[in-house]
file protein25.pdb (PDB, C-alpha atoms)
ATOM      1  CA  SER A   1      -7.321   2.516  24.642
ATOM      2  CA  SER A   2      -8.717   5.522  22.896
ATOM      3  CA  THR A   3      -9.084   5.560  19.154
ATOM      4  CA  GLY A   4      -8.536   8.681  17.158
ATOM      5  CA  THR A   5      -7.692   9.944  13.731
ATOM      6  CA  LEU A   6      -4.054  10.917  13.504
ATOM      7  CA  PRO A   7      -3.555  14.421  12.095
ATOM      8  CA  PRO A   8      -1.448  14.985   8.949
ATOM      9  CA  SER A   9       1.154  16.702  11.145
ATOM     10  CA  GLN A  10       1.742  13.379  12.904
ATOM     11  CA  VAL A  11       1.521  10.802  10.152
ATOM     12  CA  SER A  12       1.953  11.026   6.389
ATOM     13  CA  THR A  13       0.319   8.651   3.940
ATOM     14  CA  LYS A  14       1.278   7.783   0.406
ATOM     15  CA  ALA A  15      -0.822   5.559  -1.826
ATOM     16  CA  SER A  16       0.812   3.833  -4.765
ATOM     17  CA  GLY A  17      -0.806   3.489  -8.123
ATOM     18  CA  LEU A  18      -3.090   0.485  -8.501
ATOM     19  CA  ALA A  19      -2.236  -2.340 -10.890
ATOM     20  CA  TYR A  20      -4.864  -4.791 -12.073
ATOM     21  CA  SER A  21      -4.265  -8.422 -11.144
ATOM     22  CA  ARG A  22      -5.958 -10.911 -13.468
ATOM     23  CA  VAL A  23      -5.367 -13.649 -10.894
ATOM     24  CA  THR A  24      -7.333 -12.024  -8.068
ATOM     25  CA  GLN A  25      -9.424  -9.747 -10.347
ATOM     26  CA  THR A  26      -8.596  -6.872  -8.040
ATOM     27  CA  PHE A  27      -6.552  -3.719  -8.297
ATOM     28  CA  VAL A  28      -3.501  -4.109  -6.108
ATOM     29  CA  GLY A  29      -1.403  -1.364  -4.585
ATOM     30  CA  THR A  30       0.088  -0.201  -1.325
ATOM     31  CA  VAL A  31      -0.423   2.485   1.267
ATOM     32  CA  THR A  32       2.704   3.621   3.095
ATOM     33  CA  ILE A  33       2.372   5.483   6.366
ATOM     34  CA  LYS A  34       5.159   7.280   8.180
ATOM     35  CA  ASN A  35       5.346   8.827  11.631
ATOM     36  CA  ILE A  36       6.479  12.386  10.905
ATOM     37  CA  GLY A  37       5.713  13.614  14.424
ATOM     38  CA  ILE A  38       7.999  13.842  17.431
ATOM     39  CA  SER A  39       6.269  11.279  19.613
ATOM     40  CA  THR A  40       5.647   7.545  19.402
ATOM     41  CA  ILE A  41       2.139   6.559  18.327
ATOM     42  CA  SER A  42       0.496   3.634  20.112
ATOM     43  CA  GLY A  43      -0.662   0.763  17.929
ATOM     44  CA  PRO A  44      -2.538  -0.902  16.542
ATOM     45  CA  LEU A  45      -2.775   1.387  13.520
ATOM     46  CA  GLN A  46      -5.777   1.241  11.201
ATOM     47  CA  ILE A  47      -5.966   2.529   7.637
ATOM     48  CA  VAL A  48      -9.561   3.576   6.946
ATOM     49  CA  LEU A  49     -10.591   4.152   3.325
ATOM     50  CA  THR A  50     -13.454   6.615   3.616
ATOM     51  CA  SER A  51     -13.558   7.735  -0.008
ATOM     52  CA  LEU A  52     -14.455   4.555  -1.892
ATOM     53  CA  PRO A  53     -17.230   5.143  -4.457
ATOM     54  CA  ASP A  54     -20.374   3.003  -4.591
ATOM     55  CA  GLY A  55     -19.692  -0.503  -5.856
ATOM     56  CA  VAL A  56     -15.976  -0.332  -5.026
ATOM     57  CA  THR A  57     -14.855  -2.536  -2.144
ATOM     58  CA  LEU A  58     -11.684  -3.241  -0.239
ATOM     59  CA  ALA A  59     -11.167  -6.944  -0.951
ATOM     60  CA  ASN A  60      -8.588  -7.501   1.799
ATOM     61  CA  ALA A  61     -10.230  -5.406   4.526
ATOM     62  CA  THR A  62      -9.487  -6.468   8.098
ATOM     63  CA  ASN A  63     -13.025  -5.462   9.044
ATOM     64  CA  THR A  64     -15.439  -2.545   8.748
ATOM     65  CA  VAL A  65     -16.510   0.162  11.154
ATOM     66  CA  ALA A  66     -19.864   1.848  10.507
ATOM     67  CA  GLY A  67     -19.823   0.218   7.073
ATOM     68  CA  ILE A  68     -16.430   1.678   6.146
ATOM     69  CA  PRO A  69     -13.640  -0.829   5.422
ATOM     70  CA  TYR A  70     -10.299  -0.649   7.163
ATOM     71  CA  LEU A  71      -6.972  -2.453   7.214
ATOM     72  CA  THR A  72      -4.959  -3.090  10.336
ATOM     73  CA  VAL A  73      -1.269  -2.344   9.839
ATOM     74  CA  PRO A  74       0.374  -5.689  10.688
ATOM     75  CA  ALA A  75       2.782  -6.080  13.588
ATOM     76  CA  VAL A  76       2.827  -2.451  14.711
ATOM     77  CA  THR A  77       2.386  -2.147  18.471
ATOM     78  CA  SER A  78       4.122   1.194  18.645
ATOM     79  CA  PHE A  79       5.124   3.510  15.841
ATOM     80  CA  ALA A  80       8.262   5.526  16.579
ATOM     81  CA  PRO A  81       9.101   8.898  14.995
ATOM     82  CA  GLY A  82      10.571   8.306  11.543
ATOM     83  CA  GLN A  83       9.214   4.754  11.342
ATOM     84  CA  SER A  84       7.209   3.756   8.289
ATOM     85  CA  ALA A  85       5.052   0.790   7.351
ATOM     86  CA  THR A  86       3.602  -0.353   4.041
ATOM     87  CA  VAL A  87       0.322  -2.221   3.724
ATOM     88  CA  SER A  88      -1.004  -3.996   0.644
ATOM     89  CA  VAL A  89      -4.463  -2.996  -0.575
ATOM     90  CA  GLN A  90      -6.683  -5.016  -2.889
ATOM     91  CA  ILE A  91      -9.625  -3.176  -4.383
ATOM     92  CA  LYS A  92     -12.569  -4.720  -6.237
ATOM     93  CA  ASN A  93     -13.690  -2.177  -8.808
ATOM     94  CA  PRO A  94     -16.060  -3.927 -11.244
ATOM     95  CA  SER A  95     -17.009  -0.786 -13.157
ATOM     96  CA  ASN A  96     -13.444   0.606 -13.317
ATOM     97  CA  THR A  97     -14.418   3.785 -11.514
ATOM     98  CA  ILE A  98     -11.630   6.354 -11.208
ATOM     99  CA  LEU A  99     -10.237   5.974  -7.701
ATOM    100  CA  ASN A 100      -8.556   8.441  -5.426
ATOM    101  CA  LEU A 101      -7.471   6.581  -2.291
ATOM    102  CA  ILE A 102      -7.640   8.939   0.662
ATOM    103  CA  PRO A 103      -6.750   6.952   3.748
ATOM    104  CA  ASP A 104      -7.430   8.140   7.272
ATOM    105  CA  ILE A 105      -5.067   6.677   9.851
ATOM    106  CA  TYR A 106      -6.367   5.760  13.286
ATOM    107  CA  SER A 107      -4.470   4.582  16.323
ATOM    108  CA  GLY A 108      -6.087   2.046  18.613
ATOM    109  CA  SER A 109      -8.598  -0.705  17.976
ATOM    110  CA  LEU A 110     -11.718   0.170  16.014
TER
END

call {"tool": "encode", "arguments": {"input": "protein25.pdb", "output": "structure tokens"}}
result
Amino acid sequence: SSTGTLPPSQVSTKASGLAYSRVTQTFVGTVTIKNIGISTISGPLQIVLTSLPDGVTLANATNTVAGIPYLTVPAVTSFAPGQSATVSVQIKNPSNTILNLIPDIYSGSL
């Protein structure tokens, strides 16, 4: 299957604020994606965090592609118009850098 970035006209993303967890020593938050287009998007869906500064890592990454971490949205084989899904993110940020999570959403396997 082909992999491609989904345009903002097709899928919206919303990142929550990040809260520090003393237990995991990570900043924990969520990214919610929603299909705002008129057609069903084929899964799997991948959330790629391209904007992480040096030293900041995605602790719960599914994997990386070209050195960039991504998360696979669980249990989404197809994503119907109006459907949304929320994925937990855990970020290791040892130097407490200011973060602006800008996720790119891909459909298909990376």

call {"tool": "residues_around", "arguments": {"input": "protein25.pdb", "residues": "Gly4 of chain A", "least_positions_apart": "2", "cutoff": "8 Å", "atoms": "all atoms listed in the file", "output": "PyMOL selection string"}}
result
chain A and resi 2+6+106-108

call {"tool": "residues_around", "arguments": {"input": "protein25.pdb", "residues": "Asn35 of chain A", "least_positions_apart": "5", "cutoff": "9 Å", "atoms": "only C-alpha atoms", "output": "MDAnalysis selection string"}}
result
chainID A and resid 9:12 40:41 79:84

call {"tool": "resolve_selection", "arguments": {"input": "protein25.pdb", "expression": "the PyMOL selection byres ((chain A and resi 49-64) around 8)", "output": "short mmCIF file (atom, residue, chain, number, x, y, z; two decimals) with C-alpha atoms, keeping the file's coordinate frame"}}
result
data_model
loop_
_atom_site.label_atom_id
_atom_site.label_comp_id
_atom_site.auth_asym_id
_atom_site.auth_seq_id
_atom_site.Cartn_x
_atom_site.Cartn_y
_atom_site.Cartn_z
CA THR A 26 -8.60 -6.87 -8.04
CA ILE A 47 -5.97 2.53 7.64
CA VAL A 48 -9.56 3.58 6.95
CA VAL A 65 -16.51 0.16 11.15
CA ALA A 66 -19.86 1.85 10.51
CA GLY A 67 -19.82 0.22 7.07
CA ILE A 68 -16.43 1.68 6.15
CA PRO A 69 -13.64 -0.83 5.42
CA TYR A 70 -10.30 -0.65 7.16
CA LEU A 71 -6.97 -2.45 7.21
CA THR A 72 -4.96 -3.09 10.34
CA VAL A 89 -4.46 -3.00 -0.57
CA GLN A 90 -6.68 -5.02 -2.89
CA ILE A 91 -9.62 -3.18 -4.38
CA LYS A 92 -12.57 -4.72 -6.24
CA ASN A 93 -13.69 -2.18 -8.81
CA PRO A 94 -16.06 -3.93 -11.24
CA SER A 95 -17.01 -0.79 -13.16
CA THR A 97 -14.42 3.78 -11.51
CA LEU A 99 -10.24 5.97 -7.70
CA ASN A 100 -8.56 8.44 -5.43
CA LEU A 101 -7.47 6.58 -2.29
CA ILE A 102 -7.64 8.94 0.66
CA PRO A 103 -6.75 6.95 3.75
CA ASP A 104 -7.43 8.14 7.27
#

call {"tool": "axis_aligned_box", "arguments": {"input": "protein25.pdb", "around": "segment 72-78 of chain A", "padding_each_side": "4 Å", "output": "lines of an AutoDock Vina configuration file"}}
result
center_x = -0.4
center_y = -2.4
center_z = 14.2
size_x = 17.1
size_y = 15.3
size_z = 16.8

call {"tool": "closest_residue", "arguments": {"input": "protein25.pdb", "among": "A:Pro8, A:Pro74, A:Gly29, A:Gly37", "to": "Ile105 of chain A", "atoms": "all atoms listed in the file"}}
result
A:Pro8

call {"tool": "closest_residue", "arguments": {"input": "protein25.pdb", "among": "A:Val31, A:Leu45, A:Ala19, A:Ala75", "to": "Val87 of chain A", "atoms": "all atoms listed in the file"}}
result
A:Val31

call {"tool": "closest_residue", "arguments": {"input": "protein25.pdb", "among": "A:Ser109, A:Ser42, A:Ile36, A:Gly17", "to": "Ser88 of chain A", "atoms": "all atoms listed in the file"}}
result
A:Gly17

call {"tool": "resolve_selection", "arguments": {"input": "protein25.pdb", "expression": "the PyMOL selection byres ((chain A and resi 13) around 6)", "output": "list of chain:residue names"}}
result
A:Ser12, A:Lys14, A:Thr32, A:Ile33

call {"tool": "write_last_selection", "arguments": {"input": "protein25.pdb", "atoms": "C-alpha atoms", "output": "PDB file, in the coordinates of the input"}}
result
ATOM      1  CA  SER A  12       1.953  11.026   6.389  1.00  0.00           C
ATOM      2  CA  LYS A  14       1.278   7.783   0.406  1.00  0.00           C
ATOM      3  CA  THR A  32       2.704   3.621   3.095  1.00  0.00           C
ATOM      4  CA  ILE A  33       2.372   5.483   6.366  1.00  0.00           C
TER       5      ILE A  33
END

call {"tool": "atom_distance", "arguments": {"input": "protein25.pdb", "atom1": "atom CA of Thr77 of chain A", "atom2": "atom CA of Thr5 of chain A"}}
result
16.4 Å

call {"tool": "atom_distance", "arguments": {"input": "protein25.pdb", "atom1": "atom CA of Lys34 of chain A", "atom2": "atom CA of Thr86 of chain A"}}
result
8.8 Å

call {"tool": "atom_distance", "arguments": {"input": "protein25.pdb", "atom1": "atom CA of Val76 of chain A", "atom2": "atom CA of Val23 of chain A"}}
result
29.1 Å

call {"tool": "decode", "arguments": {"input": "protein25.pdb", "residues": "segment 30-58 of chain A", "atoms": "N, CA and C atoms", "output": "mmCIF file, in the first residue's frame"}}
result
data_model
loop_
_atom_site.group_PDB
_atom_site.id
_atom_site.type_symbol
_atom_site.label_atom_id
_atom_site.label_comp_id
_atom_site.auth_asym_id
_atom_site.auth_seq_id
_atom_site.Cartn_x
_atom_site.Cartn_y
_atom_site.Cartn_z
ATOM 1 N N THR A 30 -1.551 13.583 24.856
ATOM 2 C CA THR A 30 -2.236 12.841 23.805
ATOM 3 C C THR A 30 -2.226 13.640 22.511
ATOM 4 N N VAL A 31 -2.343 12.899 21.420
ATOM 5 C CA VAL A 31 -2.610 13.509 20.116
ATOM 6 C C VAL A 31 -3.918 12.896 19.629
ATOM 7 N N THR A 32 -4.869 13.751 19.297
ATOM 8 C CA THR A 32 -6.146 13.283 18.755
ATOM 9 C C THR A 32 -6.197 13.633 17.277
ATOM 10 N N ILE A 33 -6.530 12.640 16.470
ATOM 11 C CA ILE A 33 -6.686 12.882 15.037
ATOM 12 C C ILE A 33 -8.133 12.620 14.663
ATOM 13 N N LYS A 34 -8.610 13.365 13.674
ATOM 14 C CA LYS A 34 -9.992 13.208 13.233
ATOM 15 C C LYS A 34 -10.039 13.295 11.711
ATOM 16 N N ASN A 35 -10.810 12.393 11.120
ATOM 17 C CA ASN A 35 -11.018 12.434 9.672
ATOM 18 C C ASN A 35 -12.070 13.499 9.379
ATOM 19 N N ILE A 36 -11.620 14.633 8.812
ATOM 20 C CA ILE A 36 -12.545 15.715 8.497
ATOM 21 C C ILE A 36 -12.841 15.761 6.998
ATOM 22 N N GLY A 37 -12.361 14.739 6.273
ATOM 23 C CA GLY A 37 -12.607 14.666 4.840
ATOM 24 C C GLY A 37 -13.923 13.965 4.553
ATOM 25 N N ILE A 38 -14.149 13.678 3.271
ATOM 26 C CA ILE A 38 -15.391 13.034 2.864
ATOM 27 C C ILE A 38 -15.183 11.575 2.494
ATOM 28 N N SER A 39 -13.929 11.115 2.545
ATOM 29 C CA SER A 39 -13.693 9.721 2.185
ATOM 30 C C SER A 39 -12.973 8.990 3.314
ATOM 31 N N THR A 40 -13.135 7.676 3.331
ATOM 32 C CA THR A 40 -12.471 6.835 4.319
ATOM 33 C C THR A 40 -10.985 6.760 4.006
ATOM 34 N N ILE A 41 -10.177 6.831 5.043
ATOM 35 C CA ILE A 41 -8.720 6.750 4.911
ATOM 36 C C ILE A 41 -8.306 5.335 5.292
ATOM 37 N N SER A 42 -7.468 4.719 4.466
ATOM 38 C CA SER A 42 -6.980 3.374 4.771
ATOM 39 C C SER A 42 -5.943 3.426 5.873
ATOM 40 N N GLY A 43 -6.037 2.476 6.804
ATOM 41 C CA GLY A 43 -5.027 2.356 7.852
ATOM 42 C C GLY A 43 -3.863 1.524 7.339
ATOM 43 N N PRO A 44 -2.870 1.264 8.130
ATOM 44 C CA PRO A 44 -2.702 1.865 9.455
ATOM 45 C C PRO A 44 -2.361 3.347 9.363
ATOM 46 N N LEU A 45 -2.633 4.076 10.441
ATOM 47 C CA LEU A 45 -2.297 5.495 10.495
ATOM 48 C C LEU A 45 -1.093 5.673 11.402
ATOM 49 N N GLN A 46 -0.183 6.546 10.971
ATOM 50 C CA GLN A 46 1.049 6.808 11.714
ATOM 51 C C GLN A 46 1.092 8.286 12.074
ATOM 52 N N ILE A 47 1.452 8.570 13.317
ATOM 53 C CA ILE A 47 1.657 9.944 13.761
ATOM 54 C C ILE A 47 3.165 10.156 13.832
ATOM 55 N N VAL A 48 3.675 11.039 12.978
ATOM 56 C CA VAL A 48 5.111 11.283 12.879
ATOM 57 C C VAL A 48 5.405 12.639 13.511
ATOM 58 N N LEU A 49 6.301 12.646 14.496
ATOM 59 C CA LEU A 49 6.656 13.895 15.178
ATOM 60 C C LEU A 49 7.966 14.416 14.598
ATOM 61 N N THR A 50 7.837 15.314 13.626
ATOM 62 C CA THR A 50 9.007 15.789 12.888
ATOM 63 C C THR A 50 9.704 16.949 13.579
ATOM 64 N N SER A 51 9.066 17.547 14.573
ATOM 65 C CA SER A 51 9.568 18.822 15.098
ATOM 66 C C SER A 51 10.254 18.710 16.457
ATOM 67 N N LEU A 52 10.649 17.493 16.850
ATOM 68 C CA LEU A 52 11.263 17.371 18.179
ATOM 69 C C LEU A 52 12.674 17.960 18.181
ATOM 70 N N PRO A 53 12.973 18.834 19.165
ATOM 71 C CA PRO A 53 14.319 19.417 19.229
ATOM 72 C C PRO A 53 15.369 18.376 19.617
ATOM 73 N N ASP A 54 16.627 18.728 19.437
ATOM 74 C CA ASP A 54 17.732 17.837 19.814
ATOM 75 C C ASP A 54 17.618 17.457 21.281
ATOM 76 N N GLY A 55 17.852 16.194 21.587
ATOM 77 C CA GLY A 55 17.834 15.722 22.957
ATOM 78 C C GLY A 55 16.458 15.317 23.461
ATOM 79 N N VAL A 56 15.425 15.643 22.692
ATOM 80 C CA VAL A 56 14.050 15.287 23.068
ATOM 81 C C VAL A 56 13.657 14.047 22.277
ATOM 82 N N THR A 57 13.145 13.037 22.973
ATOM 83 C CA THR A 57 12.798 11.786 22.296
ATOM 84 C C THR A 57 11.378 11.365 22.624
ATOM 85 N N LEU A 58 10.816 10.596 21.727
ATOM 86 C CA LEU A 58 9.491 10.022 21.926
ATOM 87 C C LEU A 58 9.686 8.673 22.602
#
